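Coordinates from target_32.txt are shown below (compact mmCIF, C-alpha atoms).
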# COMPACT_ATOMS: atom_id res chain seq x y z
CA MET J 1 196.14 207.10 16.80
CA LEU J 2 193.89 208.12 13.93
CA SER J 3 194.20 211.40 12.09
CA PRO J 4 191.19 213.74 11.87
CA GLN J 5 190.88 212.75 8.21
CA GLU J 6 190.74 209.07 9.18
CA TRP J 7 188.19 209.79 11.86
CA SER J 8 185.96 211.52 9.34
CA ILE J 9 186.19 208.43 7.10
CA VAL J 10 185.10 206.24 10.00
CA ALA J 11 182.27 208.64 10.88
CA LEU J 12 181.07 208.68 7.28
CA SER J 13 181.15 204.88 7.11
CA LEU J 14 179.11 204.59 10.30
CA LYS J 15 176.62 207.16 9.02
CA VAL J 16 176.23 205.38 5.67
CA GLY J 17 175.88 201.99 7.35
CA ALA J 18 173.33 203.18 9.90
CA ALA J 19 171.22 205.01 7.31
CA ALA J 20 171.32 202.00 4.99
CA VAL J 21 170.09 199.42 7.53
CA LEU J 22 167.56 201.63 9.28
CA ALA J 23 165.96 202.71 6.00
CA THR J 24 165.98 199.14 4.70
CA LEU J 25 164.61 197.48 7.82
CA PRO J 26 160.86 198.05 7.18
CA LEU J 27 161.21 196.86 3.58
CA ALA J 28 163.31 193.87 4.62
CA PHE J 29 160.73 192.91 7.24
CA ALA J 30 157.82 193.25 4.82
CA LEU J 31 159.62 191.14 2.21
CA ALA J 32 160.61 188.51 4.77
CA TRP J 33 157.03 188.36 6.06
CA ALA J 34 155.56 188.02 2.56
CA LEU J 35 158.06 185.33 1.56
CA ALA J 36 157.65 183.39 4.81
CA ARG J 37 153.87 183.55 5.12
CA TYR J 38 152.23 183.87 1.71
CA ARG J 39 152.02 181.96 -1.52
CA PHE J 40 151.41 184.37 -4.39
CA PRO J 41 152.15 184.55 -8.10
CA GLY J 42 155.65 185.87 -8.68
CA ARG J 43 156.87 184.73 -5.28
CA VAL J 44 159.80 182.79 -6.75
CA LEU J 45 160.74 185.74 -8.92
CA LEU J 46 160.57 188.12 -5.95
CA ASP J 47 162.70 185.76 -3.89
CA GLY J 48 165.23 185.69 -6.73
CA LEU J 49 165.29 189.47 -7.12
CA VAL J 50 165.85 189.99 -3.39
CA HIS J 51 168.78 187.60 -3.46
CA LEU J 52 170.26 188.88 -6.71
CA PRO J 53 172.71 191.38 -5.15
CA LEU J 54 174.21 188.47 -3.22
CA VAL J 55 175.42 186.73 -6.38
CA LEU J 56 175.59 189.51 -8.96
CA PRO J 57 179.00 191.16 -9.42
CA PRO J 58 178.73 194.32 -7.28
CA VAL J 59 179.90 196.40 -10.23
CA VAL J 60 176.78 195.30 -12.13
CA THR J 61 174.55 196.28 -9.21
CA GLY J 62 176.28 199.66 -9.12
CA TRP J 63 175.84 200.17 -12.83
CA LEU J 64 172.14 199.22 -12.66
CA LEU J 65 171.71 201.75 -9.84
CA LEU J 66 173.45 204.33 -12.01
CA LEU J 67 171.03 203.61 -14.86
CA ALA J 68 168.01 203.94 -12.56
CA PHE J 69 169.09 206.83 -10.34
CA GLY J 70 171.36 208.74 -12.69
CA PRO J 71 170.28 212.12 -14.06
CA LEU J 72 168.72 210.40 -17.08
CA GLY J 73 167.45 207.34 -15.25
CA PRO J 74 163.70 206.97 -14.60
CA ILE J 75 163.95 207.26 -10.81
CA GLY J 76 166.74 209.85 -10.86
CA ARG J 77 164.79 212.12 -13.21
CA TRP J 78 161.69 211.78 -11.08
CA LEU J 79 163.54 212.59 -7.84
CA GLU J 80 165.15 215.58 -9.50
CA SER J 81 161.98 217.08 -10.96
CA TRP J 82 159.70 216.43 -7.96
CA PHE J 83 162.00 216.95 -5.03
CA GLY J 84 165.00 218.62 -6.59
CA VAL J 85 167.28 216.02 -5.01
CA SER J 86 169.81 213.68 -6.42
CA VAL J 87 171.72 210.85 -4.77
CA MET J 88 174.51 211.09 -7.34
CA PHE J 89 177.95 211.57 -5.75
CA ARG J 90 176.26 212.01 -2.37
CA TRP J 91 176.54 209.98 0.82
CA THR J 92 172.85 209.13 0.39
CA GLY J 93 173.80 207.37 -2.84
CA ALA J 94 176.45 205.38 -0.98
CA ALA J 95 173.80 204.46 1.59
CA LEU J 96 171.45 203.36 -1.19
CA ALA J 97 174.10 201.10 -2.73
CA ALA J 98 174.91 199.67 0.71
CA ALA J 99 171.21 199.11 1.41
CA ILE J 100 170.70 197.12 -1.81
CA MET J 101 173.71 194.96 -0.99
CA ALA J 102 172.58 194.42 2.62
CA LEU J 103 168.97 193.63 1.74
CA PRO J 104 169.36 189.91 0.96
CA LEU J 105 171.23 189.23 4.21
CA MET J 106 168.64 191.13 6.21
CA VAL J 107 165.68 189.42 4.55
CA ARG J 108 167.24 186.00 5.15
CA ALA J 109 167.85 186.60 8.85
CA ILE J 110 164.37 187.97 9.48
CA ARG J 111 162.66 185.34 7.37
CA LEU J 112 164.30 182.53 9.33
CA SER J 113 163.01 183.88 12.60
CA ILE J 114 159.51 184.43 11.19
CA GLU J 115 159.44 180.86 9.93
CA GLY J 116 160.41 179.74 13.43
CA ILE J 117 157.33 181.30 15.05
CA ASP J 118 154.68 178.84 16.18
CA ARG J 119 151.66 180.23 14.32
CA ARG J 120 149.30 178.57 16.76
CA LEU J 121 150.41 181.18 19.30
CA GLU J 122 148.86 183.81 17.03
CA GLY J 123 145.62 181.81 17.01
CA ALA J 124 145.72 181.67 20.82
CA ALA J 125 146.14 185.46 20.91
CA ARG J 126 143.13 185.89 18.63
CA THR J 127 140.89 183.78 20.91
CA LEU J 128 142.02 185.98 23.80
CA GLY J 129 140.59 189.04 22.09
CA ALA J 130 143.49 190.30 19.99
CA GLY J 131 142.76 191.55 16.49
CA ARG J 132 145.13 190.65 13.69
CA TRP J 133 147.30 193.74 14.14
CA HIS J 134 147.44 193.46 17.93
CA ALA J 135 148.39 189.77 17.71
CA PHE J 136 151.12 190.71 15.23
CA ARG J 137 152.48 193.45 17.47
CA THR J 138 152.37 191.55 20.75
CA VAL J 139 153.16 188.00 19.63
CA SER J 140 154.68 187.69 16.14
CA LEU J 141 156.89 190.76 16.25
CA PRO J 142 158.52 190.10 19.65
CA LEU J 143 159.09 186.48 18.70
CA ALA J 144 160.78 187.61 15.46
CA LEU J 145 162.94 190.13 17.34
CA PRO J 146 166.13 188.03 17.50
CA GLY J 147 166.09 187.80 13.71
CA VAL J 148 165.47 191.52 13.36
CA LEU J 149 168.43 192.34 15.60
CA ALA J 150 170.67 189.90 13.77
CA ALA J 151 169.54 191.46 10.48
CA LEU J 152 170.41 194.95 11.70
CA VAL J 153 173.89 194.00 12.76
CA LEU J 154 174.67 191.80 9.76
CA GLY J 155 173.27 194.41 7.39
CA PHE J 156 175.33 197.08 9.09
CA ALA J 157 178.51 195.04 8.80
CA ARG J 158 177.78 194.37 5.13
CA SER J 159 177.06 198.05 4.53
CA ILE J 160 180.29 199.41 5.95
CA GLY J 161 182.18 196.84 3.88
CA GLU J 162 180.49 197.74 0.59
CA PHE J 163 182.91 198.62 -2.21
CA GLY J 164 182.07 197.62 -5.78
CA ALA J 165 178.53 198.89 -6.12
CA THR J 166 179.37 202.10 -4.28
CA ILE J 167 182.39 203.10 -6.34
CA THR J 168 180.55 202.29 -9.58
CA PHE J 169 177.40 204.13 -8.59
CA VAL J 170 178.56 207.23 -6.73
CA SER J 171 182.31 207.23 -7.33
CA ASN J 172 185.01 207.84 -4.70
CA ILE J 173 184.52 211.32 -3.29
CA PRO J 174 186.21 212.29 -0.01
CA GLY J 175 183.71 213.31 2.64
CA GLU J 176 180.71 212.10 0.61
CA THR J 177 181.17 208.58 -0.70
CA ARG J 178 184.68 207.61 0.43
CA THR J 179 183.82 205.05 3.09
CA LEU J 180 186.38 202.74 4.74
CA PRO J 181 186.88 200.27 1.88
CA LEU J 182 187.11 203.07 -0.70
CA ALA J 183 189.55 204.97 1.46
CA ILE J 184 191.72 201.88 1.85
CA TYR J 185 191.64 201.38 -1.91
CA SER J 186 192.63 205.04 -2.46
CA ALA J 187 195.43 204.83 0.10
CA LEU J 188 196.83 201.80 -1.69
CA GLN J 189 197.02 203.80 -4.92
CA VAL J 190 199.19 206.48 -3.32
CA PRO J 191 202.86 205.74 -2.64
CA GLY J 192 203.71 206.14 1.04
CA ALA J 193 200.17 205.84 2.38
CA GLU J 194 200.60 202.19 3.44
CA ALA J 195 200.49 203.13 7.13
CA MET J 196 197.10 204.75 6.69
CA ALA J 197 195.85 201.76 4.66
CA THR J 198 196.99 199.44 7.44
CA ARG J 199 195.30 201.43 10.17
CA LEU J 200 192.04 201.62 8.24
CA ALA J 201 192.21 197.92 7.38
CA LEU J 202 192.70 196.98 11.03
CA LEU J 203 189.80 199.23 11.89
CA SER J 204 187.64 197.43 9.32
CA VAL J 205 188.52 194.09 10.83
CA ALA J 206 187.71 195.37 14.32
CA LEU J 207 184.37 196.86 13.27
CA SER J 208 183.29 193.74 11.39
CA LEU J 209 184.31 191.46 14.20
CA ALA J 210 182.55 193.63 16.77
CA ALA J 211 179.37 193.55 14.65
CA LEU J 212 179.45 189.76 14.40
CA ILE J 213 180.05 189.31 18.12
CA LEU J 214 177.31 191.82 18.91
CA SER J 215 174.80 190.04 16.67
CA GLU J 216 175.62 186.69 18.30
CA ALA J 217 175.23 188.21 21.76
CA LEU J 218 171.95 189.90 20.90
CA VAL J 219 170.45 186.73 19.50
CA ARG J 220 171.68 184.70 22.44
CA ARG J 221 170.35 187.24 24.91
CA THR J 222 166.84 187.35 23.48
CA HIS J 223 166.73 183.55 23.40
CA GLY J 224 168.59 183.07 26.67
CA GLU J 225 166.46 185.50 28.64
CA ARG J 226 163.85 182.77 28.71
CA ALA J 227 166.16 179.80 28.64
CA ARG J 228 168.05 180.86 31.74
CA HIS J 229 164.92 180.76 33.84
CA GLY J 230 164.23 177.30 32.50
CA ASP J 231 163.88 174.04 34.32
CA MET D 1 130.89 185.55 40.20
CA ALA D 2 130.57 184.11 36.70
CA ASN D 3 127.63 184.39 34.41
CA GLY D 4 124.99 182.14 35.88
CA ARG D 5 122.81 182.57 32.82
CA ALA D 6 121.79 179.35 31.17
CA MET D 7 123.60 179.84 27.89
CA ALA D 8 122.42 177.59 25.09
CA ILE D 9 125.03 176.76 22.47
CA GLU D 10 123.79 175.66 19.10
CA ILE D 11 126.19 174.16 16.63
CA ASP D 12 125.56 172.82 13.14
CA VAL D 13 128.68 172.83 11.01
CA GLU D 14 130.28 171.03 8.12
CA LYS D 15 133.83 171.23 6.85
CA ARG D 16 135.64 169.23 4.22
CA ARG D 17 139.27 168.60 5.12
CA GLY D 18 141.03 166.77 2.34
CA ASP D 19 138.93 163.69 1.64
CA ARG D 20 137.34 163.72 5.09
CA LEU D 21 134.14 165.42 6.08
CA VAL D 22 133.94 166.88 9.58
CA ALA D 23 130.33 167.44 10.53
CA ALA D 24 128.61 168.06 13.83
CA ARG D 25 125.16 169.09 14.87
CA PHE D 26 124.23 169.45 18.51
CA ALA D 27 123.01 171.80 21.17
CA ALA D 28 124.80 172.21 24.48
CA GLY D 29 123.31 173.58 27.65
CA PRO D 30 124.94 174.60 30.91
CA GLY D 31 127.54 172.34 32.43
CA LEU D 32 130.21 170.41 30.60
CA THR D 33 129.40 168.99 27.19
CA ALA D 34 131.92 166.38 26.11
CA LEU D 35 132.67 165.82 22.43
CA PHE D 36 133.69 162.23 22.67
CA GLY D 37 135.22 160.08 19.98
CA PRO D 38 138.37 158.45 18.64
CA SER D 39 141.46 160.46 17.71
CA GLY D 40 141.30 161.90 14.22
CA ALA D 41 137.52 162.16 14.18
CA GLY D 42 137.67 165.95 13.80
CA LYS D 43 136.84 166.95 17.38
CA THR D 44 139.51 169.63 17.49
CA SER D 45 138.34 170.97 14.11
CA ILE D 46 134.90 171.48 15.64
CA LEU D 47 136.35 173.48 18.54
CA ASN D 48 138.43 175.51 16.08
CA MET D 49 135.29 176.31 14.10
CA VAL D 50 133.52 177.46 17.26
CA ALA D 51 136.55 179.59 18.15
CA GLY D 52 136.72 181.12 14.69
CA LEU D 53 140.14 179.69 13.88
CA LEU D 54 138.68 177.45 11.16
CA ARG D 55 135.94 178.48 8.76
CA PRO D 56 133.08 175.98 8.28
CA ASP D 57 131.94 175.31 4.70
CA ARG D 58 128.37 175.73 5.85
CA GLY D 59 126.19 175.80 8.92
CA HIS D 60 125.77 178.05 11.91
CA ILE D 61 127.10 178.57 15.42
CA ARG D 62 125.09 180.43 18.06
CA ILE D 63 125.61 181.19 21.74
CA GLY D 64 122.43 182.36 23.43
CA ASP D 65 121.05 184.98 21.08
CA ARG D 66 124.44 185.80 19.52
CA THR D 67 125.24 184.35 16.11
CA LEU D 68 128.96 183.69 15.75
CA PHE D 69 128.72 182.14 12.32
CA GLY D 70 126.03 181.70 9.68
CA GLU D 71 123.38 183.84 8.00
CA GLY D 72 126.09 186.02 6.53
CA VAL D 73 127.82 186.47 9.90
CA ASP D 74 131.38 185.31 10.51
CA LEU D 75 132.75 186.93 13.65
CA PRO D 76 136.54 187.00 13.94
CA PRO D 77 137.94 184.99 16.89
CA GLU D 78 138.57 188.13 18.95
CA ALA D 79 134.87 189.10 18.85
CA ARG D 80 133.47 185.71 19.88
CA ARG D 81 134.05 185.85 23.64
CA ILE D 82 135.24 182.29 23.75
CA GLY D 83 137.93 180.98 26.06
CA TYR D 84 140.12 178.29 24.54
CA VAL D 85 142.36 175.96 26.54
CA PHE D 86 144.61 174.09 24.14
CA GLN D 87 146.02 170.62 24.49
CA ASP D 88 149.57 171.96 24.85
CA GLY D 89 148.84 175.07 26.92
CA ARG D 90 150.22 177.31 24.22
CA LEU D 91 151.43 180.00 26.61
CA PHE D 92 153.31 182.96 25.13
CA PRO D 93 156.97 182.06 25.68
CA HIS D 94 158.14 185.68 25.70
CA ARG D 95 155.84 186.77 28.53
CA ARG D 96 156.00 185.87 32.17
CA VAL D 97 153.04 184.09 33.76
CA ARG D 98 151.49 187.35 34.95
CA ALA D 99 151.67 188.90 31.48
CA ASN D 100 150.20 185.73 29.98
CA LEU D 101 147.28 185.88 32.42
CA ILE D 102 146.65 189.58 31.79
CA TYR D 103 146.86 189.34 27.99
CA GLY D 104 143.18 188.73 27.27
CA HIS D 105 141.98 190.46 30.44
CA ALA D 106 143.43 193.77 29.28
CA LEU D 107 141.72 193.42 25.90
CA ALA D 108 138.28 192.55 27.28
CA ASP D 109 135.60 195.19 27.72
CA PRO D 110 135.75 196.10 31.45
CA ALA D 111 131.96 195.64 31.64
CA ASP D 112 132.32 192.04 30.45
CA ARG D 113 135.03 190.99 32.89
CA TRP D 114 133.77 188.70 35.60
CA MET D 115 136.99 187.67 37.32
CA SER D 116 139.98 189.65 38.54
CA LEU D 117 143.61 188.59 38.41
CA ASP D 118 143.61 188.06 42.18
CA GLU D 119 140.48 185.92 42.02
CA ALA D 120 141.90 183.84 39.18
CA THR D 121 145.25 183.24 40.88
CA ALA D 122 143.49 182.27 44.11
CA PHE D 123 140.99 180.05 42.29
CA LEU D 124 143.78 178.19 40.48
CA GLY D 125 146.43 178.36 43.22
CA ILE D 126 149.02 179.92 40.90
CA GLY D 127 150.03 182.93 43.00
CA PRO D 128 153.64 181.76 43.43
CA LEU D 129 154.04 181.32 39.66
CA LEU D 130 153.30 184.90 38.60
CA ASP D 131 156.90 185.96 37.99
CA ARG D 132 158.02 182.74 36.32
CA TRP D 133 158.62 182.16 32.60
CA PRO D 134 156.35 179.63 30.88
CA ARG D 135 159.16 177.26 29.98
CA SER D 136 160.06 176.87 33.65
CA LEU D 137 156.58 175.53 34.48
CA SER D 138 155.63 171.88 34.84
CA GLY D 139 152.85 170.52 32.62
CA GLY D 140 150.24 170.86 35.35
CA GLU D 141 151.32 174.40 36.26
CA ALA D 142 151.30 175.47 32.61
CA GLN D 143 147.80 174.09 32.14
CA ARG D 144 146.53 175.98 35.20
CA VAL D 145 148.00 179.20 33.82
CA ALA D 146 146.45 178.48 30.42
CA ILE D 147 143.06 177.99 32.10
CA GLY D 148 143.51 181.22 34.06
CA ARG D 149 144.45 183.12 30.94
CA ALA D 150 141.30 181.90 29.18
CA LEU D 151 139.02 182.67 32.17
CA LEU D 152 140.43 186.17 32.60
CA ALA D 153 139.57 187.08 28.99
CA ALA D 154 135.91 187.20 30.10
CA PRO D 155 134.57 184.37 27.94
CA GLU D 156 130.92 183.29 27.79
CA ILE D 157 131.91 179.69 27.21
CA LEU D 158 135.09 177.70 27.57
CA LEU D 159 136.53 175.33 24.97
CA MET D 160 138.92 172.67 26.23
CA ASP D 161 140.86 170.44 23.85
CA GLU D 162 142.13 167.36 25.71
CA PRO D 163 143.61 169.55 28.45
CA LEU D 164 144.81 166.52 30.43
CA SER D 165 146.58 164.61 27.69
CA SER D 166 150.08 165.86 28.46
CA LEU D 167 149.84 165.30 32.23
CA ASP D 168 150.72 162.42 34.54
CA ALA D 169 148.04 160.68 36.60
CA ALA D 170 148.41 162.81 39.75
CA ARG D 171 148.24 166.10 37.83
CA ARG D 172 145.24 164.86 35.88
CA GLY D 173 143.30 164.49 39.10
CA ASP D 174 144.23 168.03 40.17
CA ILE D 175 143.20 169.60 36.88
CA MET D 176 139.97 167.58 36.78
CA THR D 177 139.08 169.08 40.14
CA VAL D 178 139.75 172.54 38.72
CA ILE D 179 137.50 171.78 35.73
CA GLU D 180 134.70 170.57 38.02
CA ARG D 181 134.94 173.81 39.98
CA ILE D 182 134.74 175.88 36.78
CA ARG D 183 131.63 173.88 35.87
CA ASP D 184 129.98 174.02 39.32
CA GLU D 185 131.24 177.18 41.03
CA LEU D 186 131.80 179.53 38.10
CA LYS D 187 128.92 177.94 36.17
CA LEU D 188 130.71 178.53 32.91
CA PRO D 189 129.48 176.31 30.07
CA ILE D 190 132.29 174.11 28.76
CA LEU D 191 132.76 172.29 25.45
CA TYR D 192 135.25 169.57 26.19
CA VAL D 193 137.05 167.36 23.68
CA SER D 194 138.29 163.97 24.82
CA HIS D 195 138.86 160.42 23.69
CA ASP D 196 139.14 159.12 27.26
CA ARG D 197 136.09 157.35 28.64
CA ALA D 198 137.02 157.78 32.32
CA GLU D 199 137.53 161.54 31.94
CA VAL D 200 134.20 161.92 30.22
CA ASP D 201 132.37 159.80 32.78
CA ARG D 202 133.70 161.93 35.60
CA LEU D 203 133.32 165.40 34.07
CA ALA D 204 130.55 165.44 31.51
CA THR D 205 127.06 166.75 32.02
CA ALA D 206 126.20 165.68 28.49
CA VAL D 207 128.04 163.65 25.87
CA VAL D 208 128.06 164.22 22.11
CA PRO D 209 129.58 161.30 20.20
CA ILE D 210 131.74 162.41 17.28
CA GLY D 211 132.81 160.32 14.31
CA GLU D 212 130.71 157.20 14.74

Just give me the structure of the file as structure tokens.
Amino acid sequence: MLSPQEWSIVALSLKVGAAAVLATLPLAFALAWALARYRFPGRVLLDGLVHLPLVLPPVVTGWLLLLAFGPLGPIGRWLESWFGVSVMFRWTGAALAAAIMALPLMVRAIRLSIEGIDRRLEGAARTLGAGRWHAFRTVSLPLALPGVLAALVLGFARSIGEFGATITFVSNIPGETRTLPLAIYSALQVPGAEAMATRLALLSVALSLAALILSEALVRRTHGERARHGD
Amino acid sequence: MANGRAMAIEIDVEKRRGDRLVAARFAAGPGLTALFGPSGAGKTSILNMVAGLLRPDRGHIRIGDRTLFGEGVDLPPEARRIGYVFQDGRLFPHRRVRANLIYGHALADPADRWMSLDEATAFLGIGPLLDRWPRSLSGGEAQRVAIGRALLAAPEILLMDEPLSSLDAARRGDIMTVIERIRDELKLPILYVSHDRAEVDRLATAVVPIGE
């Protein structure tokens, strides 16, 4: 059904999406926790910055990434001189762009579930002998789990759909940065490749839909596990 | 099986909450000491200060020869060895009854434990509930599990915040019997918050009026 070339595009997209959400998850959780639980100077600004990729034109996000991570950018130069690595024109760069674009969605999903936790349960855990960290691990974290799972799936779906920031930042290189949306775009530029564009587009729809259904099911299962035994 | 030691509890605390001042100064001996007063008088705040969930502005809290708060000491809740039974049970919704009961037990120093899971389930008659989820329990069942969870964490005293308020009359009687047995058989000192005269008359060894 799919050609080997198309399969490699799918595999690359999945790799980029998985790397993006898994690497972003700890940061997304920390941001969600800070925004949900603490009042600190700069909180509104931080909240705004996290959400910026959601409303900024993706091409602007891509260009800003290029300025920061490019060979002359502050972070790019630092990575190059200390580790000898560069994300330019690499799949890691595509993952970075996808991660930035997925971050706001992930933070939102996790933050909602953190805000839904009854904090008095943490107090109860403390009186039972749990230190702060233990109470976090055994009470707060499991209760936030539905949000974390939803964040993973939503972030993943967003990542494999990323186009604008990716093509601006790391260009459209087969095997490195040409993920599904970029491949569809390329196919549409070539006369006679409509069949390939159609197959890849259908695949995109299927993947996105599967991710949404999975996230719903995961959330329902973690909630329902307890509900089903109810009353 | 519990600690039969006569454990003196000494409390002298003050806390400003908004424009209200919560203050209490009393000593409690063995048996059940009722903090009695109208709703909103700050009784729960006093229990929270003893538990370490709320920091007093000044004062001290001692149990026997241990200082929990004051003189530069402010033990975190987990180091206070205090069992707390909340008004609403406050069971962990993501753990079955057994895992709720074991939560504090597993964290306690084995040398401090004075009740086993089997003893607690027998004492409270909650054996059949062990594999249930908290939200499937009735109010009375949930409160028994909450009491068991607090006892199993090896506390030196027990705090109870209106533990009967969410129960119907029949369940109230049951739980009051359980509380009397904790007081008389386990000989665990209890600080008990209530605004109900009849409860206090039946259960209290000593009464401390709050907010008069």

- Message: So that I can check the surroundings of Ala144 (chain J), please list as a PyMOL selection string every protein, DNA and RNA residue that reaches within 8 Å of it, counting only C-alpha atoms and ignoring chain neighbours fewer than 2 positions away.
- Response: chain J and resi 110+113-114+117+140-142+146-148

- Query: Please, which residues of chain D lie no more than 10 Å from chain J when the count uses all atoms listed in the file, and can they be set out as a PyMOL selection string?
  - Reply: chain D and resi 48+51-53+76-86+89-96+100+102-109+132-138+149-155

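Here CA of Ala146 (chain D) and CA of Asp88 (chain D) stand 9.1 Å from one another.
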
- If we count all atoms listed in the file, what is near Arg108 (chain J) at a cut-off of 9 Å, once residues fewer than 4 positions away on the same chain are taken out, given as JSON, numbers by chain? {"J": [28, 32, 51, 103, 104, 112, 113, 147, 151]}

Could you write those residues out with C-alpha atoms, as a compact mmCIF listing (two decimals), keeping the file's coordinate frame?
# COMPACT_ATOMS: atom_id res chain seq x y z
CA ALA J 28 163.31 193.87 4.62
CA ALA J 32 160.61 188.51 4.77
CA HIS J 51 168.78 187.60 -3.46
CA LEU J 103 168.97 193.63 1.74
CA PRO J 104 169.36 189.91 0.96
CA LEU J 112 164.30 182.53 9.33
CA SER J 113 163.01 183.88 12.60
CA GLY J 147 166.09 187.80 13.71
CA ALA J 151 169.54 191.46 10.48

- Write out as an MDAnalysis selection string the residues lying within 6 Å of Phe163 (chain J), counting all atoms listed in the file and excluding same-chain residues fewer than 2 positions away. chainID J and resid 165:166 181

- Query: Can you list, as a PyMOL selection string, every protein, DNA or RNA residue that comes within 12 Å of Leu46 (chain J) when you count all atoms listed in the file, leaving out same-chain residues fewer than 2 positions away?
  - Reply: chain J and resi 31-32+34-35+39-44+48-52+104+107

- Task: Extract, using only C-alpha atoms, all DNA, RNA and protein residues at most 6 Å from region 185-193 of chain D, discarding same-chain residues fewer than 5 positions from it, and format them as a list in words.
- Result: Ala2, Gly4, Pro30, Gly31, Leu32, Thr33, Ala34, Leu35, Ile157, Leu158, Leu159, Met160, Asp161 and Glu162 of chain D

- Find the distance between CA of Ala27 (chain D) and CA of Ile11 (chain D) and write it in Å to one decimal. 6.0 Å

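Among the candidates J:Arg178, J:Ala36, J:Arg158, J:Ser186, the one nearest to Glu115 (chain J) when counting only C-alpha atoms is J:Ala36.
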
- How many Å lie between CA of Leu209 (chain J) and CA of Arg111 (chain J), rounded to one decimal? 23.5 Å

Let me have the centre and edge lengths in Å, one decimal, of the box along x, y and z around every listed atom of region 105-119 of chain J with 6 Å of margin on each side, as JSON.
{"center_x": 161.4, "center_y": 185.0, "center_z": 10.2, "size_x": 31.6, "size_y": 24.3, "size_z": 24.0}
